[in-house]
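Here's the structure, in structure tokens; my notes come after.
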Amino acid sequence: MTVVAMATDYDRSSTNQSAVNQAAAEWLKKGAVAAVQVSLGTINILDLGSSTGKNSAQELRTAIETIQQAGERRDIVVTHIDTLANDWSQLFQNVTSLPNSYLAASPGSGVYTHGSAKSFFEQVAPSSSIALAYSGVSFQWMSQSRPLSDCWMSFAGTKDRDAYESNKQQAAQDWHKLLQQRANELLPGAYLIATGVTLKDSDSLQQLVIKWGHESWQEAKRQGLVSQQEYSSFAGGCWLRSREDWLAPLEADLRDSFELLKYQEGTVIDSHWLDYLDSSSADHDRAKILADAYCRYVFAVMGGVVSSHLVHRPQADVNRVLDAMKARFTDLAAQKPMRFEFPYVLIVLRRR
Ligand SMILES: C[S@@+](CC[C@H](N)C(=O)[O-])C[C@H]1O[C@@H](n2cnc3c(N)ncnc32)[C@H](O)[C@@H]1O
């Protein structure tokens, strides 16, 4: 399976994921009310694709406060799920020490944190044990993906139709499998709440970012920093689902397992990035500063994927590759006026 390692600066660069996840807050409250109703004893909550917990510890606080404010005194166990390569130390540090984390909000009050290095394509908890499952911007990752000859990630405009179609099929199977596993774990009546990235139109920012990413990967090859074999075997590992992709299994055989409560597409505007600017910045500086910020955001995720791909190489080589890629990426991004809009999707399902 694809091994994804989020670079350690994910925490600094994940503000737009956080903004997307806030779209789920209202549903986390509803999911929390359902969690109390469906659990017989301990209330078990899953956080799927937690990364360092910087964002999800805050979102889960919404759910846990809802449970506690209702006067509920039963124990709550939160299990964070991510891959083996995740920065688990940072997760435990964030969950225990960030002021907006669910644990900081309720110290010593019967809320327990677990971490489990498992894939969300597997069953990660005992059957019929989970009262609420949450996932922030993680289900775009595939279990495996085929490299495309002309792009570093699956992209509607690719010329490599064979690889594109095979990744499309893989992504559909992945989503189906992921849902089947949740159907096993969730108690009847429990919610699965997920946010995700989605694709809206052909010149959306993500499509540009995919192209810039590919050009930066080509740059590493052009400079002789990666071999032909390393270059052509790289696959970005993500699939950005359309509405049809998200809903397909729910309109077919998984209709009996889940009720669709909400499907919402929207756009968040991440104003946090404007913090990088001060009003005296000249226009060309502004473009560069924003391109730098955007580059950090993209490489906080994709840097980990590139490093995993080059895991056989000394770290100094990997750093040279990443530096060359980031320089190229920033140049490309600086040529384009930056927008701060991120199309997202929110999907809420109830286990029947
Ligand atoms: C973009 S981060 C989102 C993190 C966090 N939930 C947030 O909202 O900021 C996606 C996370 O999904 C994890 N991930 C990718 N594939 C996975 C898999 N098969 N099983 C579990 N986690 C996975 C990655 O390691 C990464 O930490």
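Here's how to read the names in the structure tokens: chain A, B, ... by the order shown, residue numbers from 1 in each chain, ligand numbers from 1 in the order shown.
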Strand (DSSP E or B) residues, from DSSP on the backbone, in segment 63-301 of chain A, as a VMD selection string: chain A and resid 76 to 82 111 to 117 130 to 136 141 148 151 186 to 198 238 241 258 to 269
Export of the given selection (N, CA and C atoms) as a compact mmCIF listing (two decimals), in the first residue's frame:
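part-v8.txt written:
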# COMPACT_ATOMS: atom_id res chain seq x y z
N ILE A 76 -15.01 7.89 27.65
CA ILE A 76 -14.91 8.10 26.19
C ILE A 76 -13.51 7.69 25.78
N VAL A 77 -13.41 6.87 24.73
CA VAL A 77 -12.09 6.47 24.21
C VAL A 77 -11.98 6.99 22.78
N VAL A 78 -10.97 7.81 22.55
CA VAL A 78 -10.71 8.29 21.19
C VAL A 78 -9.52 7.53 20.64
N THR A 79 -9.69 6.87 19.51
CA THR A 79 -8.57 6.17 18.88
C THR A 79 -8.22 6.89 17.58
N HIS A 80 -6.99 7.39 17.54
CA HIS A 80 -6.49 8.06 16.34
C HIS A 80 -5.84 7.01 15.45
N ILE A 81 -6.23 7.00 14.18
CA ILE A 81 -5.72 6.02 13.22
C ILE A 81 -4.88 6.74 12.18
N ASP A 82 -3.69 6.26 11.96
CA ASP A 82 -2.89 6.77 10.84
C ASP A 82 -1.86 5.69 10.51
N VAL A 111 -11.73 10.75 29.69
CA VAL A 111 -11.52 10.73 28.24
C VAL A 111 -10.13 10.16 27.99
N TYR A 112 -10.05 9.10 27.21
CA TYR A 112 -8.78 8.39 27.01
C TYR A 112 -8.39 8.44 25.53
N THR A 113 -7.06 8.58 25.31
CA THR A 113 -6.55 8.68 23.94
C THR A 113 -5.76 7.43 23.58
N HIS A 114 -6.06 6.84 22.46
CA HIS A 114 -5.25 5.75 21.92
C HIS A 114 -4.77 6.15 20.52
N GLY A 115 -3.65 5.56 20.11
CA GLY A 115 -3.20 5.74 18.74
C GLY A 115 -3.00 4.36 18.14
N SER A 116 -3.38 4.18 16.90
CA SER A 116 -3.25 2.86 16.29
C SER A 116 -2.73 3.02 14.87
N ALA A 117 -1.57 2.40 14.62
CA ALA A 117 -0.94 2.49 13.29
C ALA A 117 -1.56 1.45 12.38
N ILE A 130 -18.04 1.05 17.53
CA ILE A 130 -17.73 2.48 17.38
C ILE A 130 -19.02 3.31 17.35
N ALA A 131 -19.00 4.37 18.16
CA ALA A 131 -20.20 5.21 18.29
C ALA A 131 -20.13 6.46 17.41
N LEU A 132 -18.91 6.81 16.98
CA LEU A 132 -18.74 7.97 16.10
C LEU A 132 -17.41 7.83 15.39
N ALA A 133 -17.43 7.99 14.06
CA ALA A 133 -16.17 7.97 13.31
C ALA A 133 -16.06 9.30 12.57
N TYR A 134 -14.88 9.87 12.66
CA TYR A 134 -14.63 11.17 12.04
C TYR A 134 -13.37 11.07 11.18
N SER A 135 -13.36 11.79 10.06
CA SER A 135 -12.13 11.86 9.28
C SER A 135 -12.02 13.23 8.63
N GLY A 136 -10.91 13.90 8.88
CA GLY A 136 -10.67 15.23 8.28
C GLY A 136 -9.70 15.11 7.11
N TRP A 141 -6.47 9.72 -0.04
CA TRP A 141 -5.32 8.81 -0.20
C TRP A 141 -5.78 7.44 -0.65
N LEU A 148 1.59 7.82 -13.54
CA LEU A 148 1.16 8.28 -14.85
C LEU A 148 2.39 8.78 -15.59
N CYS A 151 2.26 12.85 -15.50
CA CYS A 151 1.83 13.64 -14.35
C CYS A 151 2.18 12.93 -13.05
N LEU A 186 -19.06 0.30 12.97
CA LEU A 186 -20.00 1.25 13.56
C LEU A 186 -21.21 0.54 14.18
N LEU A 187 -21.63 1.05 15.31
CA LEU A 187 -22.87 0.59 15.93
C LEU A 187 -24.05 1.08 15.09
N PRO A 188 -25.15 0.35 15.05
CA PRO A 188 -26.31 0.86 14.31
C PRO A 188 -26.70 2.24 14.85
N GLY A 189 -26.91 3.18 13.95
CA GLY A 189 -27.29 4.54 14.35
C GLY A 189 -26.10 5.48 14.51
N ALA A 190 -24.86 4.93 14.48
CA ALA A 190 -23.68 5.78 14.65
C ALA A 190 -23.35 6.51 13.35
N TYR A 191 -22.70 7.67 13.49
CA TYR A 191 -22.37 8.52 12.34
C TYR A 191 -20.94 8.31 11.87
N LEU A 192 -20.75 8.40 10.56
CA LEU A 192 -19.44 8.58 9.95
C LEU A 192 -19.45 9.97 9.31
N ILE A 193 -18.55 10.82 9.78
CA ILE A 193 -18.51 12.21 9.30
C ILE A 193 -17.13 12.44 8.67
N ALA A 194 -17.12 12.84 7.41
CA ALA A 194 -15.82 13.04 6.75
C ALA A 194 -15.82 14.32 5.95
N THR A 195 -14.69 15.00 6.00
CA THR A 195 -14.48 16.10 5.06
C THR A 195 -13.45 15.62 4.06
N GLY A 196 -13.43 16.26 2.90
CA GLY A 196 -12.47 15.83 1.89
C GLY A 196 -12.20 16.93 0.89
N VAL A 197 -11.16 16.69 0.10
CA VAL A 197 -10.93 17.61 -1.02
C VAL A 197 -11.69 17.06 -2.20
N THR A 198 -12.14 17.95 -3.04
CA THR A 198 -12.91 17.52 -4.19
C THR A 198 -12.45 18.35 -5.38
N CYS A 238 -3.01 10.08 -4.65
CA CYS A 238 -4.30 10.66 -4.26
C CYS A 238 -5.31 10.57 -5.40
N ARG A 241 -12.07 12.98 -5.46
CA ARG A 241 -13.34 12.41 -5.94
C ARG A 241 -14.34 13.47 -6.37
N PHE A 258 -25.76 2.14 4.91
CA PHE A 258 -25.66 3.54 5.33
C PHE A 258 -26.81 4.38 4.78
N GLU A 259 -27.22 5.31 5.62
CA GLU A 259 -28.16 6.34 5.17
C GLU A 259 -27.33 7.61 4.96
N LEU A 260 -27.52 8.25 3.81
CA LEU A 260 -26.79 9.50 3.54
C LEU A 260 -27.55 10.65 4.20
N LEU A 261 -26.92 11.28 5.20
CA LEU A 261 -27.58 12.40 5.89
C LEU A 261 -27.22 13.74 5.25
N LYS A 262 -26.00 13.82 4.73
CA LYS A 262 -25.58 15.11 4.16
C LYS A 262 -24.48 14.90 3.14
N TYR A 263 -24.64 15.54 2.01
CA TYR A 263 -23.51 15.66 1.07
C TYR A 263 -23.46 17.13 0.70
N GLN A 264 -22.36 17.77 0.99
CA GLN A 264 -22.27 19.21 0.76
C GLN A 264 -20.93 19.55 0.12
N GLU A 265 -21.01 20.34 -0.93
CA GLU A 265 -19.75 20.87 -1.48
C GLU A 265 -19.70 22.34 -1.15
N GLY A 266 -18.55 22.85 -0.89
CA GLY A 266 -18.43 24.26 -0.57
C GLY A 266 -17.02 24.73 -0.84
N THR A 267 -16.79 25.96 -0.49
CA THR A 267 -15.46 26.54 -0.66
C THR A 267 -15.10 27.26 0.62
N VAL A 268 -13.93 26.97 1.15
CA VAL A 268 -13.50 27.77 2.30
C VAL A 268 -12.44 28.75 1.82
N ILE A 269 -12.41 29.84 2.50
CA ILE A 269 -11.39 30.85 2.20
C ILE A 269 -10.49 30.91 3.43
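Within segment 108-202 of chain A, DSSP applied to the backbone places the following residues in helix (DSSP H, G or I): Arg161, Asp162, Ala163, Tyr164, Glu165, Ser166, Asn167, Lys168, Gln169, Gln170, Ala171, Ala172, Gln173, Asp174, Trp175, His176, Lys177, Leu178, Leu179, Gln180, Gln181, Arg182, Ala183, Asn184 and Glu185 of chain A.
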7 Å shell around ligand 1 using only C-alpha atoms and all ligand atoms, listed as a PyMOL selection string: chain A and resi 4-6+14+17-18+21+48-56+81-83+86+118-121+135-139+141-143+301
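Our summary of the geometry notes that atom CA of Arg243 of chain A is positioned 12.2 Å from atom CA of Pro343 of chain A.
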Residues within 12 Å of Lys177 of chain A, only C-alpha atoms, excluding chain neighbours under 3 positions, as a PyMOL selection string: chain A and resi 119-123+139+142-143+170-174+180-184+249+253-254
Residues from the last selection, N, CA and C atoms, saved as a compact mmCIF listing (two decimals), in the first residue's frame:
# COMPACT_ATOMS: atom_id res chain seq x y z
N SER A 119 -4.24 0.94 8.68
CA SER A 119 -4.79 1.59 7.50
C SER A 119 -6.31 1.64 7.61
N PHE A 120 -6.89 2.74 7.17
CA PHE A 120 -8.36 2.80 7.21
C PHE A 120 -9.00 1.93 6.13
N PHE A 121 -8.19 1.26 5.33
CA PHE A 121 -8.75 0.27 4.41
C PHE A 121 -8.93 -1.08 5.09
N GLU A 122 -8.44 -1.18 6.34
CA GLU A 122 -8.67 -2.40 7.14
C GLU A 122 -9.73 -2.09 8.19
N GLN A 123 -10.24 -3.15 8.81
CA GLN A 123 -11.06 -2.93 9.99
C GLN A 123 -10.11 -2.54 11.11
N PHE A 139 -9.47 10.93 3.08
CA PHE A 139 -9.90 9.81 2.24
C PHE A 139 -9.48 9.95 0.78
N MET A 142 -5.07 6.90 -1.61
CA MET A 142 -5.44 5.59 -2.16
C MET A 142 -4.61 4.50 -1.49
N SER A 143 -5.06 3.27 -1.60
CA SER A 143 -4.29 2.16 -1.03
C SER A 143 -3.04 1.91 -1.88
N GLN A 170 -9.24 1.92 -9.01
CA GLN A 170 -8.67 1.64 -7.69
C GLN A 170 -9.30 2.54 -6.62
N ALA A 171 -9.47 3.83 -6.97
CA ALA A 171 -10.04 4.78 -6.01
C ALA A 171 -11.48 4.39 -5.67
N ALA A 172 -12.22 3.90 -6.66
CA ALA A 172 -13.60 3.48 -6.42
C ALA A 172 -13.60 2.26 -5.48
N GLN A 173 -12.71 1.32 -5.75
CA GLN A 173 -12.62 0.13 -4.88
C GLN A 173 -12.21 0.52 -3.47
N ASP A 174 -11.28 1.46 -3.37
CA ASP A 174 -10.80 1.90 -2.06
C ASP A 174 -11.93 2.49 -1.22
N GLN A 180 -17.05 -0.33 3.69
CA GLN A 180 -17.40 -1.66 4.21
C GLN A 180 -16.80 -1.88 5.60
N GLN A 181 -15.55 -1.44 5.76
CA GLN A 181 -14.89 -1.61 7.07
C GLN A 181 -15.61 -0.80 8.14
N ARG A 182 -16.04 0.41 7.78
CA ARG A 182 -16.76 1.24 8.76
C ARG A 182 -18.12 0.62 9.06
N ALA A 183 -18.71 -0.02 8.05
CA ALA A 183 -20.01 -0.67 8.29
C ALA A 183 -19.83 -1.77 9.35
N ASN A 184 -18.67 -2.44 9.32
CA ASN A 184 -18.41 -3.47 10.33
C ASN A 184 -18.22 -2.87 11.72
N PRO A 249 -21.13 4.11 -4.15
CA PRO A 249 -21.44 2.90 -3.36
C PRO A 249 -22.71 3.06 -2.52
N ASP A 253 -24.69 -1.21 -3.62
CA ASP A 253 -24.85 -2.26 -2.61
C ASP A 253 -24.71 -1.77 -1.17
N LEU A 254 -24.09 -0.62 -0.93
CA LEU A 254 -23.96 -0.16 0.47
C LEU A 254 -25.15 0.69 0.92
Among the residues A:Ala333, A:Ile45, A:Ala32, A:Ala70, the one that comes closest to Ala287 of chain A [using only C-alpha atoms]: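 Smallest separation from Ala287 of chain A among the options: A:Ala333.
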One-decimal distance in Å that lies between atom CA of Val20 of chain A and atom CA of Tyr344 of chain A: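 We find that atom CA of Tyr344 of chain A and atom CA of Val20 of chain A lie 6.5 Å from each other.
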Residues near Ala324 of chain A, cut-off 9 Å, only C-alpha atoms, skip fewer than 2 positions along chain, as a list in words: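 So, after excluding close chain neighbours, the residues are Ser216, Trp217, Glu219, Ala220, Gln223, Leu225, Asn319, Arg320, Val321, Leu322, Lys326, Ala327, Arg328 and Phe329 of chain A.
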Save the residues we just selected, C-alpha atoms, as a PDB file, in the first residue's frame?
ATOM      1  CA  SER A 216       8.792  20.514 -10.068  1.00  0.00           C
ATOM      2  CA  TRP A 217       9.280  16.727 -10.186  1.00  0.00           C
ATOM      3  CA  GLU A 219      12.888  19.748 -12.595  1.00  0.00           C
ATOM      4  CA  ALA A 220      14.447  17.274 -10.146  1.00  0.00           C
ATOM      5  CA  GLN A 223      18.911  18.485 -12.731  1.00  0.00           C
ATOM      6  CA  LEU A 225      18.781  14.551  -8.894  1.00  0.00           C
ATOM      7  CA  ASN A 319      16.749  17.190   0.733  1.00  0.00           C
ATOM      8  CA  ARG A 320      18.414  18.307  -2.512  1.00  0.00           C
ATOM      9  CA  VAL A 321      15.519  16.871  -4.518  1.00  0.00           C
ATOM     10  CA  LEU A 322      12.970  18.621  -2.320  1.00  0.00           C
ATOM     11  CA  LYS A 326      10.224  23.663  -3.966  1.00  0.00           C
ATOM     12  CA  ALA A 327      12.201  26.328  -5.834  1.00  0.00           C
ATOM     13  CA  ARG A 328      10.539  25.395  -9.132  1.00  0.00           C
ATOM     14  CA  PHE A 329       7.107  25.118  -7.551  1.00  0.00           C
TER      15      PHE A 329
END
Atom CA of Arg350 of chain A to atom CA of Thr66 of chain A, straight-line distance in Å: 18.2 Å
Phe155 of chain A environment, 10 Å, only C-alpha atoms, sequence neighbours closer than 6 positions dropped, as a ChimeraX atom specification: /A:148,161,164,167-168,199,202,206-207,210-211,238-240
Please produce an output containing C-alpha atoms for each residue in the selection, written as a PDB file, in the first residue's frame.
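The resulting out.pdb:
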ATOM      1  CA  LEU A 148       1.161   8.281 -14.852  1.00  0.00           C
ATOM      2  CA  ARG A 161      -5.570   7.370 -20.048  1.00  0.00           C
ATOM      3  CA  TYR A 164      -5.779   7.264 -15.183  1.00  0.00           C
ATOM      4  CA  ASN A 167      -6.411   4.675 -10.746  1.00  0.00           C
ATOM      5  CA  LYS A 168     -10.035   5.684 -11.086  1.00  0.00           C
ATOM      6  CA  LEU A 199     -12.477  18.678  -7.741  1.00  0.00           C
ATOM      7  CA  SER A 202     -10.882  22.145 -14.970  1.00  0.00           C
ATOM      8  CA  GLN A 206      -5.869  21.881  -7.364  1.00  0.00           C
ATOM      9  CA  GLN A 207      -5.459  21.118 -11.042  1.00  0.00           C
ATOM     10  CA  ILE A 210      -1.000  19.103  -9.673  1.00  0.00           C
ATOM     11  CA  LYS A 211       0.632  20.559 -12.790  1.00  0.00           C
ATOM     12  CA  CYS A 238      -4.303  10.664  -4.264  1.00  0.00           C
ATOM     13  CA  TRP A 239      -7.645  10.656  -6.010  1.00  0.00           C
ATOM     14  CA  LEU A 240      -9.792  13.776  -5.771  1.00  0.00           C
TER      15      LEU A 240
END
Within 12 Å of segment 226-230 of chain A, which residues of segment 123-180 of chain A show up? Give each one with its shortest atom-to-atom distance in Å (one decimal) and the two atoms involved, counting only C-alpha atoms, rows by chain then rising residue number, as a tab-separated table.
residue	atom	partner	partner_atom	distance
A:Pro147	CA	A:Glu230	CA	10.7
A:Ser149	CA	A:Gln228	CA	11.5
A:Trp152	CA	A:Glu230	CA	11.8
Residues near Gln69 of chain A, cut-off 12 Å, only C-alpha atoms, skip fewer than 4 positions along chain, as an MDAnalysis selection string: chainID A and resid 29 32:33 36 61:65 73 105:106
